[in-house]
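Reviewing the structure listed below.
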2 protein chains.
Amino acid sequence: MDQLQCGTSPIVGFRFSLHPMTDRFADVITEAINETDTSAVWMHTDDVSTVIRGKQAHVFNVAKAIALHAAKTGVHVALNGTFSAGCPGDSAGDVFLDKPDELLNTDRTKQYVSSQFALYPMNNPGYMEVIYREVDRAKASGVFNESMHYASGIHGDIHDVFDFYEEAFSNARSDEHRHLVMTVSMSINSPSHGGAGR
Amino acid sequence: MDQLQCGTSPIVGFRFSLHPMTDRFADVITEAINETDTSAVWMHTDDVSTVIRGKQAHVFNVAKAIALHAAKTGVHVALNGTFSAGCPGDSAGDVFLDKPDELLNTDRTKQYVSSQFALYPMNNPGYMEVIYREVDRAKASGVFNESMHYASGIHGDIHDVFDFYEEAFSNARSDEHRHLVMTVSMSINSPSHGGAGR
């Protein structure tokens, strides 16, 4: 069963959906993707979600840029998705790994986001320690919001939040335990966010 | 480290967000939840998502009812969430396990949904076989839509789709491997769904 062997692929993927809570949802989605430089990732959209694949830095860069462009419309938008790497059942195709490392989306506009994440290190008997370690790191880095069932709340400026997510995704997998999944649910411009400047 | 020991709790949870793609999103969410009988589950909403906890049958019943009530508005809605059971870090509280088994939401209105799911059996060396087995079962039961990176497409009438999800969630965990996570991303009334009657 070769398909069940762990690969050594550096491919990182993110399957996500962007949900603008407005009658103009289709325009907001289209514009956010069009305003993002996605040339460093392989991308495919179906009737439920969009998947991007490539080098880790580009995948996180594109995900953040799409969220930020959608946020700038001022409408309430949600980004829900799953980052994944090292899946034994994954194929080697549908990816651009020969792209230069230089990041293509460099907009540093500040934007408050409130989000929740969960790490799932697969086939790793020590996975709970991995999870607790990354949650502790969130607390130390200032983006931790609150504890909750099945997830942890992460909030702050979108750039700090995505920096944390990319670091957590790097830290929670290893050569021995390559298959890692991380779910992220992010809310932007929500009337439910409390506090000034949010 | 008692908190890392697997428990024997029958608690099932679902952390989800409902995203109506309309300017009236707050009303659609509020009405969908108000029209659902949620008295058999513990429920809490924060600024990003809602979590329900209880007996498995009630959790799936309430999740489907909320999606169906939102669907009846005719607006494009998305339901994104994570079902979870057996997490070693979970607490025993915030749950109603003494409720009768009788399901409280019995609306059988037909509604086409297109969705994607992924199973994450935790700390289980045979997890890929578990995943392949459930995907094969989806194909046999008629709700399989298509293969894709990081997920599998599941579609059809909302009742058939939720029946499949609840069965998959039961089948993919065992006394030996209690911690199971299942992500579901569901799209309803989307202009992107192809075909008649969808």
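Following the order of the structure tokens, first chain is A, next is B, and so on, with residues numbered from 1 inside each chain and ligands from 1 in the order they appear.
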
(message) With only C-alpha atoms considered, list every residue of chain A at most 9 Å from chain B, as a ChimeraX atom specification.
(response) /A:4,13-15,17,19-26,46-49,51,77-78,80-84,87-91,114-116,120-129,149-151,153,181,183,185-187,190-194

(message) Quick check, in Å to one decimal: how far apart do CA of Asn171 (chain B) and CA of Ala32 (chain B) lie?
(response)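 Computed distance, CA of Asn171 (chain B) to CA of Ala32 (chain B), equals 29.4 Å.
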
(request) Could you check how far CA of Val135 (chain A) sits from CA of Arg178 (chain A), in Å to one decimal? (result)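 Separating CA of Val135 (chain A) from CA of Arg178 (chain A) is a distance of 19.6 Å.
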
(request) Give the alpha helix (DSSP H) residues of region 62-181 of chain B, as DSSP finds them on the backbone, and put them as a PyMOL selection string. (result) chain B and resi 62-71+127-141+158-171

(message) If we count only C-alpha atoms and set the cut-off at 10 Å, which residues sit around Glu102 (chain A), ignoring sequence neighbours fewer than 3 positions away in its own chain? Please answer as an MDAnalysis selection string.
(response) chainID A and resid 40 57:58 99 105

(message) Can you tell me, as a PyMOL selection string, which residues in region 23-164 of chain B count as strand (DSSP E or B) by DSSP?
(response) chain B and resi 42-45+50-54+77-85+96+112-121+144-148+151-157

Take the residues that were just selected and, keeping C-alpha atoms, output them as a PDB file, in the first residue's frame.
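Wrote it out as again_16.pdb, contents follow:
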```
ATOM      1  CA  TRP B  42     -25.610  22.769  25.631  1.00  0.00           C
ATOM      2  CA  MET B  43     -24.921  25.807  23.419  1.00  0.00           C
ATOM      3  CA  HIS B  44     -22.611  28.796  23.588  1.00  0.00           C
ATOM      4  CA  THR B  45     -21.962  31.525  21.008  1.00  0.00           C
ATOM      5  CA  THR B  50     -21.112  28.612  18.158  1.00  0.00           C
ATOM      6  CA  VAL B  51     -20.511  25.341  19.971  1.00  0.00           C
ATOM      7  CA  ILE B  52     -23.114  22.707  20.823  1.00  0.00           C
ATOM      8  CA  ARG B  53     -22.456  19.679  23.038  1.00  0.00           C
ATOM      9  CA  GLY B  54     -24.511  16.665  23.996  1.00  0.00           C
ATOM     10  CA  VAL B  77     -25.711  30.178   3.275  1.00  0.00           C
ATOM     11  CA  ALA B  78     -22.587  28.298   4.284  1.00  0.00           C
ATOM     12  CA  LEU B  79     -22.149  26.096   7.335  1.00  0.00           C
ATOM     13  CA  ASN B  80     -18.576  25.406   8.447  1.00  0.00           C
ATOM     14  CA  GLY B  81     -17.746  23.367  11.466  1.00  0.00           C
ATOM     15  CA  THR B  82     -15.853  20.672  13.302  1.00  0.00           C
ATOM     16  CA  PHE B  83     -17.409  17.667  15.007  1.00  0.00           C
ATOM     17  CA  SER B  84     -15.304  16.312  17.832  1.00  0.00           C
ATOM     18  CA  ALA B  85     -15.429  13.486  20.367  1.00  0.00           C
ATOM     19  CA  PHE B  96     -26.677  17.709  28.700  1.00  0.00           C
ATOM     20  CA  TYR B 112     -29.990  20.146  -1.919  1.00  0.00           C
ATOM     21  CA  VAL B 113     -26.630  20.773  -0.265  1.00  0.00           C
ATOM     22  CA  SER B 114     -23.089  20.509  -1.576  1.00  0.00           C
ATOM     23  CA  SER B 115     -20.412  19.896   1.025  1.00  0.00           C
ATOM     24  CA  GLN B 116     -16.901  18.673   1.732  1.00  0.00           C
ATOM     25  CA  PHE B 117     -15.632  16.714   4.699  1.00  0.00           C
ATOM     26  CA  ALA B 118     -12.450  15.361   6.183  1.00  0.00           C
ATOM     27  CA  LEU B 119     -11.944  12.823   8.968  1.00  0.00           C
ATOM     28  CA  TYR B 120      -9.075  13.071  11.431  1.00  0.00           C
ATOM     29  CA  PRO B 121      -8.867   9.970  13.648  1.00  0.00           C
ATOM     30  CA  PHE B 144     -20.255  11.027  -2.960  1.00  0.00           C
ATOM     31  CA  ASN B 145     -19.623  13.943  -5.316  1.00  0.00           C
ATOM     32  CA  GLU B 146     -15.908  14.094  -6.139  1.00  0.00           C
ATOM     33  CA  SER B 147     -12.362  13.545  -4.903  1.00  0.00           C
ATOM     34  CA  MET B 148     -10.161  16.529  -4.152  1.00  0.00           C
ATOM     35  CA  ALA B 151     -11.272  16.620   1.522  1.00  0.00           C
ATOM     36  CA  SER B 152     -14.029  14.648  -0.196  1.00  0.00           C
ATOM     37  CA  GLY B 153     -17.120  16.113  -1.828  1.00  0.00           C
ATOM     38  CA  ILE B 154     -20.456  14.952  -0.418  1.00  0.00           C
ATOM     39  CA  HIS B 155     -23.770  16.175  -1.811  1.00  0.00           C
ATOM     40  CA  GLY B 156     -27.454  15.444  -2.134  1.00  0.00           C
ATOM     41  CA  ASP B 157     -30.512  15.971   0.005  1.00  0.00           C
TER      42      ASP B 157
END
```

(request) Give me, please, the distance in Å between CA of Val143 (chain B) and CA of Arg108 (chain B), quoted to one decimal. (result)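 Separation of CA of Val143 (chain B) and CA of Arg108 (chain B): 17.3 Å.
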
(request) For each of B:His159, B:Lys139, B:Arg133, B:Lys64, take the minimum atom-to-atom distance to Thr38 (chain B), counting only C-alpha atoms, then give the residue where this is smallest. (result) B:Lys64

(message) I'd like the neighbourhood of Leu103 (chain B) as a list in words, where a residue qualifies if any of its atoms comes within 12 Å (using only C-alpha atoms), though same-chain residues fewer than 3 positions away should be ignored.
(response)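 My reading of the contact set: Thr36, Asp37, Thr38, Ser39, Ala40, Val41, Lys55, Gln56, Ala57, His58, Val59, Phe60, Asn61, Val62, Lys64, Ala65, Lys99, Pro100, Thr106 and Asp107 of chain B.
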